[in-house]
>>> print(open('query38.cif').read())   # mmCIF, C-alpha atoms
data_target
#
loop_
_atom_site.label_atom_id
_atom_site.label_comp_id
_atom_site.auth_asym_id
_atom_site.auth_seq_id
_atom_site.Cartn_x
_atom_site.Cartn_y
_atom_site.Cartn_z
CA MET A 7 12.68 13.14 -24.71
CA PRO A 8 11.76 14.03 -21.13
CA ASN A 9 15.33 14.06 -19.75
CA GLN A 10 17.14 16.00 -22.45
CA LEU A 11 19.83 18.44 -21.37
CA PRO A 12 18.82 22.09 -21.15
CA SER A 13 19.60 23.90 -24.39
CA PRO A 14 21.35 27.28 -24.46
CA LEU A 15 18.21 28.56 -26.22
CA ASP A 16 16.15 27.58 -23.17
CA GLN A 17 18.20 29.94 -21.05
CA VAL A 18 18.29 32.73 -23.64
CA PHE A 19 14.51 32.75 -24.11
CA HIS A 20 13.97 32.42 -20.35
CA ALA A 21 16.22 35.43 -19.82
CA LEU A 22 14.27 37.43 -22.43
CA ALA A 23 10.89 36.56 -20.88
CA ASP A 24 11.21 39.37 -18.33
CA PRO A 25 10.73 43.07 -19.17
CA THR A 26 13.45 44.22 -16.76
CA ARG A 27 15.99 41.91 -18.36
CA ARG A 28 14.90 42.94 -21.86
CA GLY A 29 15.35 46.55 -20.75
CA MET A 30 18.88 45.75 -19.58
CA VAL A 31 19.65 44.17 -22.97
CA GLU A 32 18.16 47.22 -24.75
CA ARG A 33 20.50 49.42 -22.71
CA LEU A 34 23.58 47.23 -23.27
CA VAL A 35 23.25 46.97 -27.05
CA ARG A 36 23.96 50.72 -27.04
CA GLY A 37 27.22 50.15 -25.17
CA PRO A 38 28.75 48.75 -21.99
CA ALA A 39 27.34 49.97 -18.66
CA SER A 40 28.16 49.63 -15.00
CA VAL A 41 25.69 47.88 -12.72
CA SER A 42 24.75 51.22 -11.18
CA GLU A 43 24.10 52.69 -14.65
CA LEU A 44 21.92 49.66 -15.43
CA SER A 45 20.07 50.16 -12.15
CA GLN A 46 19.35 53.86 -12.61
CA PRO A 47 16.12 53.58 -14.67
CA LEU A 48 14.88 50.63 -12.62
CA GLU A 49 12.82 51.06 -9.48
CA MET A 50 14.30 48.09 -7.70
CA SER A 51 16.99 47.26 -5.19
CA LEU A 52 20.58 46.61 -6.26
CA PRO A 53 20.32 42.92 -5.17
CA ALA A 54 17.26 42.52 -7.42
CA VAL A 55 19.18 44.05 -10.34
CA MET A 56 22.10 41.71 -9.61
CA GLN A 57 19.73 38.73 -9.71
CA HIS A 58 18.47 39.76 -13.16
CA LEU A 59 22.07 40.27 -14.25
CA GLN A 60 22.93 36.75 -13.09
CA VAL A 61 20.11 35.30 -15.23
CA LEU A 62 21.39 37.29 -18.23
CA GLU A 63 24.95 36.09 -17.62
CA ALA A 64 23.85 32.45 -17.20
CA SER A 65 22.07 32.69 -20.57
CA GLY A 66 25.21 33.97 -22.27
CA LEU A 67 23.49 37.20 -23.35
CA VAL A 68 25.65 39.40 -21.10
CA ARG A 69 29.05 39.18 -19.48
CA SER A 70 30.43 41.39 -16.75
CA GLU A 71 33.87 42.20 -15.42
CA LYS A 72 34.82 43.85 -12.17
CA ALA A 73 37.61 46.40 -12.16
CA GLY A 74 38.18 47.88 -8.73
CA ARG A 75 34.73 48.63 -7.33
CA VAL A 76 32.98 48.93 -10.69
CA ARG A 77 31.37 45.96 -12.45
CA THR A 78 30.97 46.67 -16.17
CA CYS A 79 28.41 44.73 -18.23
CA ARG A 80 28.54 44.06 -21.96
CA ILE A 81 26.37 42.30 -24.53
CA GLU A 82 27.54 38.94 -25.85
CA PRO A 83 26.11 39.02 -29.37
CA ASP A 84 26.34 35.27 -30.10
CA ALA A 85 23.45 34.38 -27.78
CA LEU A 86 21.33 37.16 -29.32
CA ARG A 87 22.19 35.84 -32.80
CA ALA A 88 21.28 32.27 -31.82
CA ALA A 89 17.84 33.41 -30.62
CA GLU A 90 17.37 35.46 -33.78
CA ALA A 91 18.39 32.53 -35.99
CA TRP A 92 15.86 30.22 -34.38
CA VAL A 93 12.94 32.69 -34.52
CA THR A 94 13.75 33.85 -38.05
CA GLY A 95 14.07 30.21 -39.13
CA GLN A 96 10.56 29.44 -37.91
CA ARG A 97 9.05 32.56 -39.43
CA THR A 98 10.75 31.79 -42.74
CA ALA A 99 9.61 28.15 -42.70
CA TRP A 100 6.04 29.31 -42.06
CA GLU A 101 6.15 31.81 -44.94
CA THR A 102 7.74 29.25 -47.28
CA ARG A 103 4.87 26.89 -46.54
CA LEU A 104 2.35 29.68 -47.18
CA ASP A 105 4.01 30.45 -50.52
CA ARG A 106 3.87 26.78 -51.52
CA LEU A 107 0.24 26.60 -50.49
CA GLY A 108 -0.48 29.69 -52.57
CA ASP A 109 1.27 28.15 -55.59
CA TYR A 110 -0.68 24.93 -55.11
CA LEU A 111 -4.02 26.71 -54.85
CA ALA A 112 -3.21 28.89 -57.87
CA GLY A 113 -2.64 25.72 -59.88
CA HIS A 114 -5.79 23.94 -58.75
CA GLY A 115 -9.41 24.89 -59.34
CA PRO A 116 -12.06 24.68 -56.65
CA ASP A 117 -13.08 21.21 -57.91
CA GLY A 118 -9.63 19.89 -57.07
CA GLN A 119 -8.39 19.99 -60.67
CA GLY A 120 -5.57 22.08 -62.00
CA ALA A 121 -6.59 25.48 -63.33
CA ASP A 122 -4.72 24.50 -66.48
CA GLY A 123 -6.96 21.48 -66.84
CA GLN A 124 -4.49 18.95 -65.44
CA GLY A 125 -5.91 16.71 -62.78
CA THR A 126 -3.75 15.19 -60.09
CA ASP A 127 -5.24 11.76 -59.64
CA GLY A 128 -4.92 10.45 -63.19
CA GLN A 129 -8.57 9.38 -63.25
CA ASN A 130 -10.04 12.29 -65.18
CA THR A 131 -11.26 11.40 -68.62
CA ASP A 132 -12.86 14.68 -69.66
CA ASN A 133 -10.83 17.77 -68.83
CA SER A 134 -11.84 19.81 -71.85
CA GLN A 135 -15.50 20.42 -70.99
CA ARG A 136 -17.25 19.86 -67.74
CA GLY A 137 -20.99 20.48 -67.47
CA SER A 138 -22.61 21.09 -64.14
CA MET B 17 8.60 49.69 -12.67
CA PRO B 18 7.96 46.72 -10.41
CA ASN B 19 4.21 46.41 -11.05
CA GLN B 20 4.05 46.82 -14.80
CA LEU B 21 1.57 44.64 -16.67
CA PRO B 22 2.95 41.49 -18.29
CA SER B 23 3.91 42.14 -21.88
CA PRO B 24 2.90 39.80 -24.72
CA LEU B 25 6.64 39.37 -25.34
CA ASP B 26 7.03 38.00 -21.79
CA GLN B 27 4.66 35.17 -22.65
CA VAL B 28 6.11 34.54 -26.10
CA PHE B 29 9.68 34.24 -24.82
CA HIS B 30 8.50 32.19 -21.85
CA ALA B 31 6.73 29.81 -24.24
CA LEU B 32 9.89 29.50 -26.37
CA ALA B 33 12.09 28.76 -23.34
CA ASP B 34 11.15 25.07 -23.43
CA PRO B 35 12.51 22.58 -26.01
CA THR B 36 9.23 20.64 -26.22
CA ARG B 37 7.30 23.81 -27.02
CA ARG B 38 9.92 24.93 -29.55
CA GLY B 39 9.60 21.48 -31.13
CA MET B 40 5.83 21.95 -31.39
CA VAL B 41 6.36 25.33 -33.06
CA GLU B 42 8.92 23.78 -35.46
CA ARG B 43 6.30 21.18 -36.39
CA LEU B 44 3.45 23.69 -36.79
CA VAL B 45 5.34 26.10 -39.06
CA ARG B 46 5.28 23.23 -41.58
CA GLY B 47 1.48 23.05 -41.39
CA PRO B 48 -1.47 22.50 -39.04
CA ALA B 49 -1.46 19.36 -36.91
CA SER B 50 -3.81 17.56 -34.57
CA VAL B 51 -2.85 17.20 -30.92
CA SER B 52 -2.15 13.49 -31.47
CA GLU B 53 0.14 14.32 -34.42
CA LEU B 54 1.94 16.83 -32.20
CA SER B 55 2.26 14.19 -29.48
CA GLN B 56 3.69 11.45 -31.69
CA PRO B 57 7.40 12.41 -31.56
CA LEU B 58 7.18 13.34 -27.86
CA GLU B 59 7.72 10.80 -25.10
CA MET B 60 5.19 12.30 -22.75
CA SER B 61 1.57 11.90 -21.70
CA LEU B 62 -1.25 13.58 -23.58
CA PRO B 63 -2.07 15.79 -20.53
CA ALA B 64 1.57 16.98 -20.52
CA VAL B 65 1.34 17.81 -24.23
CA MET B 66 -1.93 19.67 -23.58
CA GLN B 67 -0.22 21.72 -20.86
CA HIS B 68 2.52 22.77 -23.27
CA LEU B 69 -0.14 23.58 -25.85
CA GLN B 70 -1.92 25.79 -23.34
CA VAL B 71 1.28 27.77 -22.72
CA LEU B 72 1.72 28.18 -26.49
CA GLU B 73 -1.88 29.33 -26.90
CA ALA B 74 -1.63 31.76 -23.96
CA SER B 75 1.42 33.31 -25.62
CA GLY B 76 -0.45 33.80 -28.89
CA LEU B 77 2.04 31.63 -30.82
CA VAL B 78 -0.51 28.90 -31.51
CA ARG B 79 -4.27 28.60 -31.75
CA SER B 80 -6.33 25.44 -31.83
CA GLU B 81 -9.86 24.54 -32.88
CA LYS B 82 -11.83 21.45 -32.07
CA ALA B 83 -13.95 19.82 -34.79
CA GLY B 84 -15.67 16.68 -33.56
CA ARG B 85 -13.09 14.77 -31.58
CA VAL B 86 -10.05 16.28 -33.30
CA ARG B 87 -8.31 19.42 -32.03
CA THR B 88 -6.26 21.02 -34.81
CA CYS B 89 -3.39 23.39 -33.94
CA ARG B 90 -2.00 26.17 -36.13
CA ILE B 91 0.76 28.76 -35.91
CA GLU B 92 -0.22 32.37 -35.28
CA PRO B 93 2.57 34.19 -37.10
CA ASP B 94 2.09 37.61 -35.47
CA ALA B 95 3.55 36.49 -32.12
CA LEU B 96 6.51 34.91 -33.91
CA ARG B 97 7.04 38.15 -35.86
CA ALA B 98 6.87 40.24 -32.66
CA ALA B 99 9.59 38.11 -31.05
CA GLU B 100 11.69 38.30 -34.21
CA ALA B 101 11.28 42.09 -34.41
CA TRP B 102 12.49 42.56 -30.85
CA VAL B 103 15.52 40.25 -31.16
CA THR B 104 16.50 41.57 -34.59
CA GLY B 105 16.13 45.14 -33.31
CA GLN B 106 18.60 44.48 -30.50
CA ARG B 107 21.09 42.68 -32.75
CA THR B 108 20.88 45.53 -35.27
CA ALA B 109 21.33 48.19 -32.59
CA TRP B 110 24.40 46.34 -31.32
CA GLU B 111 25.94 46.10 -34.79
CA THR B 112 25.14 49.74 -35.56
CA ARG B 113 27.02 50.72 -32.43
CA LEU B 114 29.97 48.49 -33.45
CA ASP B 115 30.03 50.11 -36.90
CA ARG B 116 30.06 53.59 -35.35
CA LEU B 117 32.84 52.55 -32.99
CA GLY B 118 34.79 51.19 -35.97
CA ASP B 119 34.33 54.45 -37.86
CA TYR B 120 35.43 56.43 -34.81
CA LEU B 121 38.54 54.31 -34.28
CA ALA B 122 39.40 54.46 -38.00
CA GLY B 123 39.35 58.25 -37.75
CA HIS B 124 41.46 58.43 -34.62
CA GLY B 125 45.07 57.37 -34.18
CA PRO B 126 46.32 55.60 -31.08
CA ASP B 127 47.39 58.93 -29.54
CA GLY B 128 43.80 60.16 -29.64
CA GLN B 129 44.27 62.22 -32.79
CA GLY B 130 42.54 61.72 -36.10
CA ALA B 131 44.39 59.59 -38.65
CA ASP B 132 43.95 62.52 -40.99
CA GLY B 133 45.74 64.78 -38.55
CA GLN B 134 42.61 66.39 -37.09
CA GLY B 135 42.50 66.38 -33.34
CA THR B 136 39.22 66.47 -31.43
CA ASP B 137 40.05 68.62 -28.45
CA GLY B 138 41.18 71.72 -30.30
CA GLN B 139 44.34 71.96 -28.19
CA ASN B 140 46.79 70.50 -30.67
CA THR B 141 49.21 73.02 -32.04
CA ASP B 142 51.51 70.77 -34.04
CA ASN B 143 49.70 68.20 -36.18
CA SER B 144 52.14 68.20 -39.08
CA GLN B 145 55.14 66.71 -37.33
CA ARG B 146 55.24 64.97 -34.03
CA GLY B 147 58.56 63.77 -32.73
CA SER B 148 58.81 61.18 -30.02
#
>>> encode(input="query38.cif", output="structure tokens")
Amino acid sequence: MPNQLPSPLDQVFHALADPTRRGMVERLVRGPASVSELSQPLEMSLPAVMQHLQVLEASGLVRSEKAGRVRTCRIEPDALRAAEAWVTGQRTAWETRLDRLGDYLAGHGPDGQGADGQGTDGQNTDNSQRGS
Amino acid sequence: MPNQLPSPLDQVFHALADPTRRGMVERLVRGPASVSELSQPLEMSLPAVMQHLQVLEASGLVRSEKAGRVRTCRIEPDALRAAEAWVTGQRTAWETRLDRLGDYLAGHGPDGQGADGQGTDGQNTDNSQRGS
């Protein structure tokens, strides 16, 4: 679907695709911080920090409030949880498939027959002894 | 650090920031697929699909091999696990902080004293009875 609406996950993963923004998230999961506190470890201008903050806010990962002259930023955990749910879901689906494949292979010999002597195609007439 | 090298996570999250590419990952966690199988549910040209595939391969999320005229694509689980580890780490850090905050608040009354009568500043002289 070429014209589908942008998903919240699009914006969350886009926001996380930058090391500066991931660093801001890593700081904010430890507690709220002012913009100047967020800027301190970063070697960039305040406008550049504000731009990154805007991307984080647009994604829903962070919200900020201004009180007087101080803007305080906080994590919004729901967006983080949505990203985690998607990634964990894929990793789990992949491992479930691997497990099933392992079960299947354990039950089937290298000649395509079951290790317990049960074939799968119903055409085997001699499962008890097979010469080479 | 404005000139730091791009991190693998940058590319993984960038790759996941697009619904078509997430759809390709969702398909591939269920098993390998040819490029034409990947293209089937997508209303886009084969070159467009190949471009998305290139982004996925650059990120390390997917690899593909060509045998004859068929290119088969597979998930590379390590990149998925790296993304999951980062996101889960942040969510966990956030919840750990919340738990600590909860413990702190449970141990401190609204007047800044401990619910068990123990103040934190060492200046309280009358913890047993406090009139209003």
>>> resolve_selection(input="query38.cif", expression="the PyMOL selection byres ((chain B) within 10 of (chain A))", output="PyMOL selection string")
chain B and resi 17-36+38+41-47+57-60+91-114+117
>>> residues_around(input="query38.cif", residues="Met66 in chain B", least_positions_apart="6", cutoff="12 Å", atoms="all atoms listed in the file", output="short mmCIF file (atom, residue, chain, number, x, y, z; two decimals) with C-alpha atoms, in the frame of the given file")
data_model
loop_
_atom_site.label_atom_id
_atom_site.label_comp_id
_atom_site.auth_asym_id
_atom_site.auth_seq_id
_atom_site.Cartn_x
_atom_site.Cartn_y
_atom_site.Cartn_z
CA THR B 36 9.23 20.64 -26.22
CA ARG B 37 7.30 23.81 -27.02
CA MET B 40 5.83 21.95 -31.39
CA SER B 50 -3.81 17.56 -34.57
CA VAL B 51 -2.85 17.20 -30.92
CA SER B 52 -2.15 13.49 -31.47
CA LEU B 54 1.94 16.83 -32.20
CA SER B 55 2.26 14.19 -29.48
CA LEU B 58 7.18 13.34 -27.86
CA MET B 60 5.19 12.30 -22.75
CA LEU B 72 1.72 28.18 -26.49
CA GLU B 73 -1.88 29.33 -26.90
CA SER B 80 -6.33 25.44 -31.83
CA ARG B 87 -8.31 19.42 -32.03
CA CYS B 89 -3.39 23.39 -33.94
#
>>> atom_distance(input="query38.cif", atom1="CA of Lys72 in chain A", atom2="CA of Gly123 in chain B")
29.7 Å
>>> atom_distance(input="query38.cif", atom1="CA of Arg80 in chain A", atom2="CA of Leu67 in chain A")
8.6 Å
>>> atom_distance(input="query38.cif", atom1="CA of Glu81 in chain B", atom2="CA of Pro63 in chain B")
17.0 Å
